[in-house]
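Asks: My structure is in protein.cif, and what it holds is mmCIF, C-alpha atoms:
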```
data_upload
loop_
_atom_site.label_atom_id
_atom_site.label_comp_id
_atom_site.auth_asym_id
_atom_site.auth_seq_id
_atom_site.Cartn_x
_atom_site.Cartn_y
_atom_site.Cartn_z
CA MET A 1 120.14 73.22 155.67
CA PHE A 2 119.49 74.27 159.29
CA HIS A 3 119.38 70.63 160.35
CA ASN A 4 122.75 69.95 158.71
CA TYR A 5 124.27 73.08 160.29
CA SER A 6 122.94 72.04 163.69
CA ASN A 7 124.51 68.58 163.35
CA ILE A 8 127.83 70.10 162.30
CA SER A 9 127.72 72.45 165.30
CA ILE A 10 127.00 69.56 167.68
CA ASP A 11 129.84 67.50 166.18
CA ARG A 12 132.25 70.41 166.57
CA GLY A 13 131.12 70.90 170.15
CA LYS A 14 131.77 67.24 170.92
CA LYS A 15 135.22 67.46 169.32
CA ARG A 16 136.04 70.51 171.44
CA ILE A 17 135.02 68.71 174.61
CA HIS A 18 137.01 65.66 173.51
CA ARG A 19 140.14 67.77 172.96
CA VAL A 20 139.57 69.62 176.23
CA GLY A 21 139.18 66.29 178.03
CA LEU A 22 142.25 64.78 176.36
CA THR A 23 144.39 67.84 177.04
CA GLY A 24 143.03 68.13 180.57
CA THR A 25 143.66 64.47 181.36
CA THR A 26 147.18 64.58 179.94
CA THR A 27 147.85 67.83 181.76
CA LEU A 28 146.55 66.29 184.97
CA LEU A 29 148.83 63.28 184.61
CA VAL A 30 151.82 65.48 183.84
CA LYS A 31 150.99 67.86 186.67
CA GLY A 32 150.73 64.79 188.87
CA ILE A 33 154.27 63.88 187.88
CA SER A 34 155.42 67.48 188.34
CA THR A 35 153.62 67.76 191.68
CA ILE A 36 155.08 64.52 192.98
CA ALA A 37 158.45 65.73 191.78
CA GLY A 38 157.89 69.05 193.54
CA LEU A 39 156.76 67.37 196.75
CA MET A 40 159.82 65.15 196.61
CA THR A 41 162.06 68.18 196.42
CA ILE A 42 160.45 69.85 199.46
CA PRO A 43 161.89 67.52 202.13
CA LEU A 44 165.16 67.26 200.21
CA THR A 45 165.69 71.00 199.90
CA ALA A 46 164.17 71.82 203.32
CA LYS A 47 166.63 69.58 205.15
CA TYR A 48 169.57 70.45 202.92
CA LEU A 49 169.11 74.24 202.84
CA GLU A 50 167.63 74.77 206.33
CA THR A 51 164.88 77.31 207.08
CA GLU A 52 166.06 80.66 205.68
CA ARG A 53 167.73 79.43 202.49
CA PHE A 54 164.76 77.11 201.94
CA GLY A 55 162.46 80.14 202.15
CA LEU A 56 164.67 81.84 199.56
CA TRP A 57 164.42 78.73 197.36
CA LEU A 58 160.61 78.96 197.50
CA LEU A 59 160.68 82.67 196.66
CA LEU A 60 162.94 82.17 193.63
CA SER A 61 160.88 79.22 192.38
CA THR A 62 157.84 81.50 192.56
CA PHE A 63 159.73 84.12 190.56
CA LEU A 64 160.24 81.62 187.73
CA THR A 65 156.46 81.32 187.38
CA TRP A 66 156.32 84.98 186.40
CA ILE A 67 157.52 84.27 182.85
CA SER A 68 154.07 85.06 181.47
CA ILE A 69 154.30 88.76 182.41
CA ALA A 70 157.62 89.34 180.66
CA ASP A 71 156.36 88.83 177.10
CA LEU A 72 153.99 91.85 177.12
CA GLY A 73 151.07 89.44 176.73
CA LEU A 74 152.29 88.18 173.34
CA ALA A 75 151.77 84.50 174.15
CA ASN A 76 148.17 85.13 175.19
CA SER A 77 147.31 87.25 172.16
CA LEU A 78 148.95 84.55 170.01
CA THR A 79 146.59 81.98 171.55
CA ASN A 80 143.52 84.01 170.55
CA ALA A 81 144.86 84.76 167.06
CA LEU A 82 145.72 81.12 166.30
CA ALA A 83 142.42 79.81 167.69
CA THR A 84 140.58 82.33 165.51
CA SER A 85 142.59 81.41 162.40
CA ASP A 86 141.83 77.75 163.14
CA GLY A 87 138.11 78.52 163.28
CA LYS A 88 138.37 80.42 160.00
CA GLU A 89 140.68 77.76 158.54
CA ASP A 90 143.12 80.52 157.52
CA GLN A 91 146.61 78.99 157.29
CA LYS A 92 148.32 82.16 156.06
CA MET A 93 147.08 84.13 159.07
CA ALA A 94 148.44 81.42 161.37
CA GLN A 95 151.88 81.57 159.74
CA GLU A 96 151.98 85.35 160.02
CA VAL A 97 151.00 85.55 163.69
CA VAL A 98 153.46 82.81 164.73
CA SER A 99 156.41 84.35 162.89
CA SER A 100 155.53 87.86 164.05
CA ALA A 101 155.22 86.73 167.67
CA PHE A 102 158.49 84.81 167.50
CA PHE A 103 160.61 87.74 166.29
CA LEU A 104 158.91 90.12 168.71
CA MET A 105 159.76 87.70 171.53
CA ILE A 106 163.43 87.73 170.56
CA VAL A 107 163.50 91.52 170.79
CA ILE A 108 161.74 91.50 174.17
CA SER A 109 164.12 88.87 175.57
CA LEU A 110 167.21 90.82 174.50
CA LEU A 111 165.86 94.02 176.05
CA LEU A 112 165.06 92.26 179.33
CA LEU A 113 168.53 90.74 179.45
CA LEU A 114 170.16 94.13 178.86
CA LEU A 115 167.98 95.79 181.50
CA PHE A 116 168.85 93.12 184.07
CA LEU A 117 172.58 93.42 183.42
CA LEU A 118 172.35 97.17 183.99
CA ILE A 119 170.46 97.10 187.31
CA TYR A 120 171.73 93.82 188.80
CA PRO A 121 174.95 95.15 190.41
CA SER A 122 173.22 98.06 192.20
CA ILE A 123 170.42 96.14 193.99
CA PRO A 124 171.01 95.00 197.63
CA TRP A 125 169.38 91.57 197.22
CA GLU A 126 169.80 90.59 200.88
CA ARG A 127 167.59 93.55 201.86
CA VAL A 128 165.02 92.80 199.19
CA PHE A 129 164.51 89.28 200.59
CA ASN A 130 165.02 90.25 204.26
CA ILE A 131 167.89 87.76 204.73
CA SER A 132 169.91 87.57 207.95
CA SER A 133 172.15 84.47 207.73
CA VAL A 134 175.70 84.88 206.39
CA LEU A 135 175.50 81.95 203.96
CA ALA A 136 172.21 83.13 202.44
CA LYS A 137 173.66 86.62 201.94
CA GLU A 138 176.65 85.16 200.12
CA GLU A 139 174.52 83.08 197.75
CA VAL A 140 171.51 85.30 197.02
CA GLY A 141 173.18 87.43 194.32
CA ALA A 142 174.42 84.50 192.25
CA ALA A 143 171.12 82.68 192.76
CA ILE A 144 169.22 85.66 191.33
CA PHE A 145 171.57 85.78 188.32
CA VAL A 146 171.04 82.07 187.54
CA CYS A 147 167.28 82.50 187.93
CA TRP A 148 167.24 85.36 185.45
CA VAL A 149 169.19 83.45 182.82
CA VAL A 150 166.79 80.50 183.12
CA PHE A 151 163.89 82.98 183.02
CA ILE A 152 165.05 84.53 179.72
CA LEU A 153 165.64 81.16 178.05
CA ARG A 154 162.23 79.82 179.10
CA LEU A 155 160.64 83.02 177.79
CA LEU A 156 162.13 82.42 174.33
CA LEU A 157 160.91 78.82 174.36
CA SER A 158 157.37 79.61 175.53
CA ILE A 159 155.84 80.00 172.05
CA PRO A 160 155.64 76.29 171.05
CA GLY A 161 153.59 75.45 174.14
CA ARG A 162 151.13 78.23 173.34
CA ILE A 163 150.78 77.04 169.76
CA TYR A 164 149.86 73.55 170.96
CA GLY A 165 147.34 75.10 173.33
CA ALA A 166 145.78 77.29 170.66
CA TYR A 167 145.09 74.23 168.51
CA GLN A 168 143.68 72.42 171.56
CA GLU A 169 146.62 70.01 171.44
CA GLY A 170 148.11 70.90 174.79
CA TYR A 171 148.64 67.21 175.52
CA TRP A 172 151.75 67.28 173.31
CA TYR A 173 153.23 70.11 175.32
CA GLN A 174 152.48 68.28 178.56
CA ILE A 175 154.46 65.25 177.40
CA TRP A 176 157.61 67.34 176.94
CA THR A 177 156.93 69.12 180.23
CA ALA A 178 156.83 65.75 182.02
CA ILE A 179 160.23 64.85 180.60
CA GLY A 180 161.64 68.15 181.83
CA SER A 181 160.16 67.63 185.31
CA ILE A 182 161.64 64.15 185.66
CA LEU A 183 165.06 65.39 184.56
CA SER A 184 164.72 68.25 187.04
CA VAL A 185 164.25 65.93 190.03
CA ILE A 186 167.09 63.66 188.95
CA SER A 187 169.52 66.56 188.52
CA LEU A 188 168.40 68.14 191.80
CA ILE A 189 169.05 64.92 193.75
CA PHE A 190 172.44 64.66 192.07
CA ALA A 191 173.27 68.28 192.96
CA ILE A 192 172.34 67.75 196.61
CA HIS A 193 174.47 64.62 196.66
CA LEU A 194 177.42 66.73 195.46
CA HIS A 195 176.66 69.38 198.17
CA ALA A 196 176.00 72.11 195.60
CA ASN A 197 175.33 75.69 196.70
CA LEU A 198 172.00 77.46 196.15
CA PRO A 199 172.78 78.89 192.65
CA LEU A 200 173.84 75.47 191.35
CA LEU A 201 170.82 73.92 193.02
CA ILE A 202 168.56 76.33 191.13
CA LEU A 203 170.35 75.54 187.87
CA ALA A 204 169.91 71.82 188.51
CA GLY A 205 166.28 72.09 189.60
CA PHE A 206 164.97 74.60 187.07
CA GLY A 207 167.54 74.81 184.28
CA THR A 208 167.02 71.21 183.24
CA VAL A 209 163.34 71.97 182.57
CA LEU A 210 164.61 73.78 179.46
CA ILE A 211 165.40 70.41 177.90
CA GLY A 212 161.67 69.66 177.75
CA ASP A 213 161.03 73.07 176.15
CA VAL A 214 163.67 72.41 173.48
CA LEU A 215 162.20 68.98 172.68
CA CYS A 216 158.76 70.59 172.42
CA ALA A 217 160.00 73.12 169.83
CA ILE A 218 161.78 70.43 167.81
CA HIS A 219 158.68 68.24 167.68
CA LEU A 220 156.31 71.08 166.76
CA PHE A 221 158.35 72.87 164.11
CA GLY A 222 160.33 69.89 162.88
CA PHE A 223 157.61 67.25 162.60
CA HIS A 224 154.07 68.01 163.80
CA ARG A 225 153.36 71.41 162.17
CA LYS A 226 156.39 72.15 160.01
CA TRP A 227 154.45 74.74 158.04
CA LEU A 228 154.23 76.90 161.19
CA ALA A 229 158.00 77.17 161.69
CA PRO A 230 158.88 80.89 162.13
CA LYS A 231 160.22 82.53 158.98
CA TYR A 232 161.07 86.14 158.35
CA LYS A 233 159.05 86.20 155.11
CA TYR A 234 155.89 85.68 157.20
CA PHE A 235 156.71 88.59 159.50
CA ASN A 236 153.79 91.03 159.27
CA LEU A 237 153.67 94.52 160.77
CA PHE A 238 149.87 94.54 160.88
CA GLN A 239 149.87 91.29 162.88
CA CYS A 240 152.58 92.73 165.14
CA ARG A 241 150.43 95.74 165.95
CA TRP A 242 147.42 93.53 166.66
CA LEU A 243 149.46 91.15 168.83
CA LEU A 244 150.98 94.02 170.81
CA LYS A 245 147.68 95.87 171.22
CA THR A 246 145.76 92.81 172.39
CA GLY A 247 148.79 91.53 174.25
CA PHE A 248 149.08 94.77 176.21
CA GLN A 249 145.59 94.24 177.60
CA PHE A 250 146.49 90.69 178.59
CA TRP A 251 149.75 92.00 180.06
CA ILE A 252 148.00 94.45 182.37
CA VAL A 253 145.73 91.66 183.59
CA GLN A 254 148.69 89.28 184.00
CA ILE A 255 150.73 91.72 186.06
CA SER A 256 147.74 92.35 188.26
CA ALA A 257 147.20 88.60 188.68
CA ILE A 258 150.85 88.18 189.67
CA LEU A 259 150.51 90.91 192.28
CA ILE A 260 147.35 89.27 193.62
CA PHE A 261 148.33 85.60 193.59
CA GLN A 262 152.13 85.43 193.53
CA THR A 263 153.30 88.10 195.96
CA ASP A 264 151.93 86.58 199.16
CA LEU A 265 155.28 84.97 199.97
CA ILE A 266 157.09 88.29 199.56
CA ILE A 267 154.56 90.06 201.80
CA VAL A 268 154.85 87.32 204.43
CA ALA A 269 158.64 87.59 204.28
CA GLN A 270 158.51 91.34 204.83
CA LEU A 271 155.92 91.22 207.63
CA PHE A 272 156.99 88.08 209.49
CA GLY A 273 160.50 87.22 208.25
CA ALA A 274 161.89 84.58 205.90
CA SER A 275 161.28 81.80 208.44
CA ALA A 276 157.49 82.31 208.17
CA VAL A 277 157.73 81.84 204.41
CA ALA A 278 158.46 78.14 204.86
CA SER A 279 155.15 77.44 206.67
CA TYR A 280 153.09 79.68 204.40
CA GLY A 281 154.81 78.43 201.24
CA ILE A 282 154.25 74.73 201.94
CA THR A 283 150.59 75.32 202.86
CA LEU A 284 150.10 77.40 199.72
CA ARG A 285 151.58 74.64 197.58
CA LEU A 286 149.26 72.04 199.07
CA PHE A 287 146.14 74.11 198.36
CA SER A 288 147.52 75.02 194.94
CA LEU A 289 147.17 71.35 194.03
CA ILE A 290 143.40 71.91 193.88
CA LEU A 291 143.78 74.70 191.34
CA TYR A 292 146.46 72.81 189.42
CA ILE A 293 144.03 69.96 188.86
CA SER A 294 140.98 72.05 187.96
CA SER A 295 143.01 74.41 185.77
CA SER A 296 144.24 71.41 183.77
CA PHE A 297 140.78 71.40 182.21
CA THR A 298 139.63 75.02 182.51
CA ILE A 299 142.69 76.44 180.73
CA SER A 300 141.98 74.16 177.78
CA LEU A 301 138.61 75.91 177.43
CA TRP A 302 140.24 79.22 176.49
CA PRO A 303 141.18 78.35 172.86
CA ALA A 304 137.98 76.29 172.58
CA TYR A 305 135.92 79.40 173.42
CA SER A 306 137.87 81.46 170.85
CA GLU A 307 137.40 78.85 168.12
CA ALA A 308 133.69 78.51 168.96
CA LEU A 309 133.34 82.31 168.92
CA SER A 310 134.79 82.52 165.39
CA ARG A 311 132.06 80.09 164.29
CA GLY A 312 129.26 81.80 166.25
CA ASP A 313 128.59 78.76 168.45
CA TYR A 314 127.34 80.70 171.49
CA SER A 315 125.06 77.99 172.85
CA TRP A 316 128.06 75.69 173.33
CA ILE A 317 130.01 78.47 175.02
CA LYS A 318 127.19 79.24 177.46
CA HIS A 319 126.52 75.61 178.40
CA THR A 320 130.22 74.75 178.77
CA PHE A 321 130.87 77.77 180.98
CA LYS A 322 128.04 76.86 183.38
CA MET A 323 129.30 73.30 183.69
CA SER A 324 132.89 74.46 184.31
CA VAL A 325 131.77 76.70 187.19
CA LEU A 326 129.66 73.97 188.80
CA ILE A 327 132.35 71.30 188.58
CA SER A 328 135.10 73.65 189.81
CA PHE A 329 133.02 74.72 192.82
CA ILE A 330 132.19 71.16 193.92
CA TRP A 331 135.76 70.01 193.41
CA SER A 332 137.42 72.86 195.32
CA VAL A 333 135.02 72.68 198.29
CA CYS A 334 135.35 68.90 198.74
CA VAL A 335 139.11 68.59 198.34
CA GLY A 336 139.82 71.86 200.16
CA SER A 337 137.88 70.66 203.20
CA LEU A 338 139.98 67.48 203.27
CA LEU A 339 143.16 69.55 203.17
CA VAL A 340 142.00 71.63 206.12
CA ILE A 341 141.72 68.40 208.11
CA PHE A 342 144.88 66.65 206.97
CA SER A 343 147.30 69.48 206.09
CA PRO A 344 149.05 69.51 209.50
CA GLN A 345 149.95 65.84 209.13
CA LEU A 346 151.05 66.33 205.51
CA VAL A 347 153.22 69.33 206.35
CA TYR A 348 154.82 67.41 209.22
CA LEU A 349 155.69 64.56 206.85
CA LEU A 350 157.01 66.87 204.14
CA ALA A 351 159.06 69.19 206.32
CA ASN A 352 159.02 69.42 210.13
CA LYS A 353 156.75 70.43 213.02
CA GLU A 354 158.11 73.99 213.05
CA VAL A 355 156.25 74.86 209.83
CA ILE A 356 152.84 73.29 210.61
CA PRO A 357 150.12 75.89 209.77
CA ASP A 358 147.42 76.95 212.24
CA ILE A 359 143.68 76.48 211.62
CA ALA A 360 143.13 80.17 210.77
CA LEU A 361 145.55 79.96 207.85
CA LEU A 362 144.03 76.68 206.64
CA LEU A 363 140.48 78.07 206.62
CA ALA A 364 141.62 81.24 204.86
CA MET A 365 143.36 79.11 202.22
CA LEU A 366 140.14 77.11 201.73
CA VAL A 367 138.00 80.19 201.10
CA THR A 368 140.58 81.71 198.75
CA THR A 369 140.97 78.48 196.79
CA VAL A 370 137.21 78.03 196.24
CA LEU A 371 136.78 81.60 195.02
CA ASN A 372 139.87 81.37 192.85
CA SER A 373 138.69 78.16 191.17
CA ILE A 374 135.48 79.91 190.08
CA ALA A 375 137.42 83.03 189.05
CA GLN A 376 139.55 80.86 186.75
CA CYS A 377 136.43 79.76 184.87
CA VAL A 378 135.37 83.39 184.45
CA ALA A 379 138.86 84.40 183.29
CA MET A 380 138.98 81.66 180.62
CA LEU A 381 135.61 82.80 179.27
CA ALA A 382 136.73 86.44 179.19
CA ASN A 383 140.01 85.54 177.47
CA GLY A 384 138.31 83.30 174.94
CA LEU A 385 135.74 85.95 174.05
CA GLY A 386 138.41 88.65 173.92
CA GLU A 387 136.50 90.77 176.45
CA LEU A 388 139.48 92.41 178.12
CA LYS A 389 138.62 96.11 178.47
CA LEU A 390 136.96 95.91 181.88
CA GLN A 391 139.63 93.51 183.13
CA THR A 392 142.32 95.93 181.99
CA ILE A 393 140.70 98.69 184.06
CA PHE A 394 139.86 96.84 187.26
CA ALA A 395 142.68 94.28 187.45
CA PRO A 396 145.27 96.90 188.54
CA VAL A 397 142.78 98.30 191.06
CA SER A 398 142.32 94.79 192.44
CA ALA A 399 146.08 94.24 192.64
CA ILE A 400 146.74 97.48 194.52
CA SER A 401 143.81 96.79 196.84
CA ASN A 402 145.18 93.32 197.53
CA LEU A 403 148.63 94.62 198.46
CA LEU A 404 147.25 97.24 200.84
CA LEU A 405 144.69 94.88 202.34
CA SER A 406 147.30 92.12 202.78
CA ILE A 407 149.52 94.46 204.79
CA LEU A 408 146.56 95.72 206.84
CA LEU A 409 145.04 92.32 207.62
CA GLY A 410 148.47 90.77 208.08
CA ASN A 411 149.27 93.25 210.82
CA LEU A 412 145.82 92.89 212.38
CA ILE A 413 145.25 89.11 212.43
CA GLY A 414 148.55 87.55 211.38
CA VAL A 415 149.64 85.38 208.45
CA SER A 416 146.08 84.26 207.61
CA GLY A 417 145.18 87.89 206.91
CA VAL A 418 147.46 87.89 203.86
CA THR A 419 145.49 85.16 202.10
CA LEU A 420 142.12 86.53 203.31
CA ALA A 421 142.95 89.78 201.53
CA THR A 422 143.32 87.82 198.29
CA ALA A 423 139.93 86.16 198.85
CA ILE A 424 138.21 89.51 199.35
CA CYS A 425 139.72 90.98 196.18
CA ILE A 426 138.74 87.92 194.11
CA LEU A 427 135.15 88.15 195.38
CA VAL A 428 134.78 91.87 194.74
CA PHE A 429 136.69 92.36 191.50
CA SER A 430 137.15 89.04 189.67
CA LEU A 431 133.68 87.67 190.41
CA GLY A 432 131.60 90.68 191.39
CA ILE A 433 132.59 93.27 188.79
CA THR A 434 134.37 91.43 185.96
CA GLY A 435 132.31 88.23 186.23
CA SER A 436 128.99 90.06 186.10
CA ASP A 437 130.10 92.09 183.08
CA ILE A 438 131.28 89.02 181.13
CA LEU A 439 128.01 87.19 181.73
CA TYR A 440 126.05 90.27 180.64
CA ARG A 441 128.05 90.57 177.42
CA LEU A 442 127.64 86.87 176.68
CA LYS A 443 123.85 87.18 177.08
CA LEU A 444 123.87 90.13 174.68
CA ARG A 445 125.76 88.12 172.07
CA VAL A 446 123.38 85.19 172.40
CA LYS A 447 120.39 87.54 172.16
CA ASN A 448 121.75 89.21 169.03
CA ILE A 449 122.38 85.85 167.37
CA ASN A 450 118.85 84.68 168.19
#
```
Now, as a test, write the supplied structure out as structure tokens.

Replies:
Amino acid sequence: MFHNYSNISIDRGKKRIHRVGLTGTTTLLVKGISTIAGLMTIPLTAKYLETERFGLWLLLSTFLTWISIADLGLANSLTNALATSDGKEDQKMAQEVVSSAFFLMIVISLLLLLLFLLIYPSIPWERVFNISSVLAKEEVGAAIFVCWVVFILRLLLSIPGRIYGAYQEGYWYQIWTAIGSILSVISLIFAIHLHANLPLLILAGFGTVLIGDVLCAIHLFGFHRKWLAPKYKYFNLFQCRWLLKTGFQFWIVQISAILIFQTDLIIVAQLFGASAVASYGITLRLFSLILYISSSFTISLWPAYSEALSRGDYSWIKHTFKMSVLISFIWSVCVGSLLVIFSPQLVYLLANKEVIPDIALLLAMLVTTVLNSIAQCVAMLANGLGELKLQTIFAPVSAISNLLLSILLGNLIGVSGVTLATAICILVFSLGITGSDILYRLKLRVKNIN
């Protein structure tokens, strides 16, 4: 009996790695397409919009990546719930959590839209983004409005992608994402050709991505997993409470992560002006390629950890986590070092000599990227195991510390100080405190099983 169980466990472990590899490879290919598309848009938009409006374009594109914090963590709690139901082979539970999450998301989206419509007219957007040019001031309000509409629509369409991920079938979602990215570049080129203003440029560049999201939902609920299509009869108050309770913990961590990793451009804009955003933003995007590639595989481990946890397969979890950390470290150090050497030439080719970064910023980006790649592995393990309490406590502390330290180091040593502040906070909080606690709890679980 033990021998048969051991063989089944090994087979399941191999299947998990196979799905992780397939999803990761597909994600990598799609991200390659998206990255190439993004790099293609940099010289196009940089030359068309000029420095200040181009900086605004980068800021607003960063804002659209904040979709994950607007759902109160529902998408993340849905991932854990579906992965657990998959491990337990409980179809009814899966139907209930999907339908409950879907209707909760509708309510959240409507509330966010109403809130935005109430506060939008009273905010001086040109002051928020530290804009000085007349044309940028004229366009910023409408650009924000278009961004918010796209934001709300993408929020509503975020559930299908999470369902694919929870079943370790993220490769399907990546296919539809690739289609959206290709359409985005085509429409953006067309908009520039027609001399569109910034709001229309945002609609062309980011609004067309919604087409991929719609196709994803049609494929999932219409063909691939029709039985999971949201229905009111599957709406369950108990599942709603669980999703919101667990989601709130994820939400706190997500907001903190946004403040740590996604506010650098805003801080740079406030400290050094919108023109400095162009140099910092392009350099950040280049180093982000390292994390984009490694995260293609590490993110796929999250639902795999949850599914393995529901089956008590701790040995697989422990071994897979160690390998993910080792591979991520080697990858980020090697590729990051190459970027330090060749980034000036790349930036010159993509934009112009005015935005070439200095060596201090490049080295700071390298250190931050290496630490962040390891922190991603730790975060996926924590999410998969559902160990969120310590993260919920220390993530906000880390975010506040990062903001204060970014301002302090930015004023002391310049632009590189902003990213060095992020590196320090990752080392102390994400790896030092949270990482140590997660490893300790994993050892306890393994010990108890043994």

Asks: Name the residues captured by the PyMOL selection byres ((chain A and resi 251) around 9) when it is applied to the shown file; answer as a PyMOL selection string.

Replies: chain A and resi 68-74+76+246-250+252-256+392

Asks: Distance table requested - region 123-163 of chain A against region 91-113 of chain A, cut-off 8 Å, all atoms listed in the file: one row per qualifying residue with the closest atom pair and its distance in Å to one decimal, ordered by chain and rising residue number, as JSON lines.

Replies:
```
{"residue": "A:Ile152", "atom": "CA", "partner": "A:Ser109", "partner_atom": "CA", "distance": 6.1}
{"residue": "A:Leu155", "atom": "CA", "partner": "A:Ser109", "partner_atom": "CA", "distance": 7.2}
{"residue": "A:Leu156", "atom": "CA", "partner": "A:Met105", "partner_atom": "CA", "distance": 6.4}
{"residue": "A:Ile159", "atom": "CA", "partner": "A:Phe102", "partner_atom": "CA", "distance": 7.1}
```

Asks: Could the residues in this selection be saved with C-alpha atoms as a CSV table (one decimal), in the coordinates of the input?

Replies:
```csv
chain,number,residue,atom,x,y,z
A,152,ILE,CA,165.0,84.5,179.7
A,155,LEU,CA,160.6,83.0,177.8
A,156,LEU,CA,162.1,82.4,174.3
A,159,ILE,CA,155.8,80.0,172.0
```

Asks: CA of Leu201 (chain A) to CA of Leu188 (chain A): how many Å, to one decimal?

Replies: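 Pair CA of Leu201 (chain A) / CA of Leu188 (chain A) returns 6.4 Å.
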
Asks: I would like the residues chosen by the PyMOL selection byres ((chain A and resi 179) around 12) on the shown file; could you give them as number ranges by chain?

Replies: A: 30-31, 33-34, 37, 172-178, 180-186, 208-216

Asks: Starting from the displayed file, determine the output of the PyMOL selection byres ((chain A and resi 395) around 12) and express the residue list as a PyMOL selection string.

Replies: chain A and resi 249-260+379+388-394+396-402+425-426+428-431+433-434

Asks: May I have the residues from that selection written out with C-alpha atoms, as a CSV table (one decimal), in the coordinates of the input?

Replies:
```csv
chain,number,residue,atom,x,y,z
A,249,GLN,CA,145.6,94.2,177.6
A,250,PHE,CA,146.5,90.7,178.6
A,251,TRP,CA,149.8,92.0,180.1
A,252,ILE,CA,148.0,94.4,182.4
A,253,VAL,CA,145.7,91.7,183.6
A,254,GLN,CA,148.7,89.3,184.0
A,255,ILE,CA,150.7,91.7,186.1
A,256,SER,CA,147.7,92.4,188.3
A,257,ALA,CA,147.2,88.6,188.7
A,258,ILE,CA,150.8,88.2,189.7
A,259,LEU,CA,150.5,90.9,192.3
A,260,ILE,CA,147.4,89.3,193.6
A,379,ALA,CA,138.9,84.4,183.3
A,388,LEU,CA,139.5,92.4,178.1
A,389,LYS,CA,138.6,96.1,178.5
A,390,LEU,CA,137.0,95.9,181.9
A,391,GLN,CA,139.6,93.5,183.1
A,392,THR,CA,142.3,95.9,182.0
A,393,ILE,CA,140.7,98.7,184.1
A,394,PHE,CA,139.9,96.8,187.3
A,396,PRO,CA,145.3,96.9,188.5
A,397,VAL,CA,142.8,98.3,191.1
A,398,SER,CA,142.3,94.8,192.4
A,399,ALA,CA,146.1,94.2,192.6
A,400,ILE,CA,146.7,97.5,194.5
A,401,SER,CA,143.8,96.8,196.8
A,402,ASN,CA,145.2,93.3,197.5
A,425,CYS,CA,139.7,91.0,196.2
A,426,ILE,CA,138.7,87.9,194.1
A,428,VAL,CA,134.8,91.9,194.7
A,429,PHE,CA,136.7,92.4,191.5
A,430,SER,CA,137.2,89.0,189.7
A,431,LEU,CA,133.7,87.7,190.4
A,433,ILE,CA,132.6,93.3,188.8
A,434,THR,CA,134.4,91.4,186.0
```

Asks: Which is closer to Ser373 (chain A) than all the others in A:Leu349, A:Leu427, A:Ala143, A:Leu420, using all atoms listed in the file?

Replies: A:Leu427
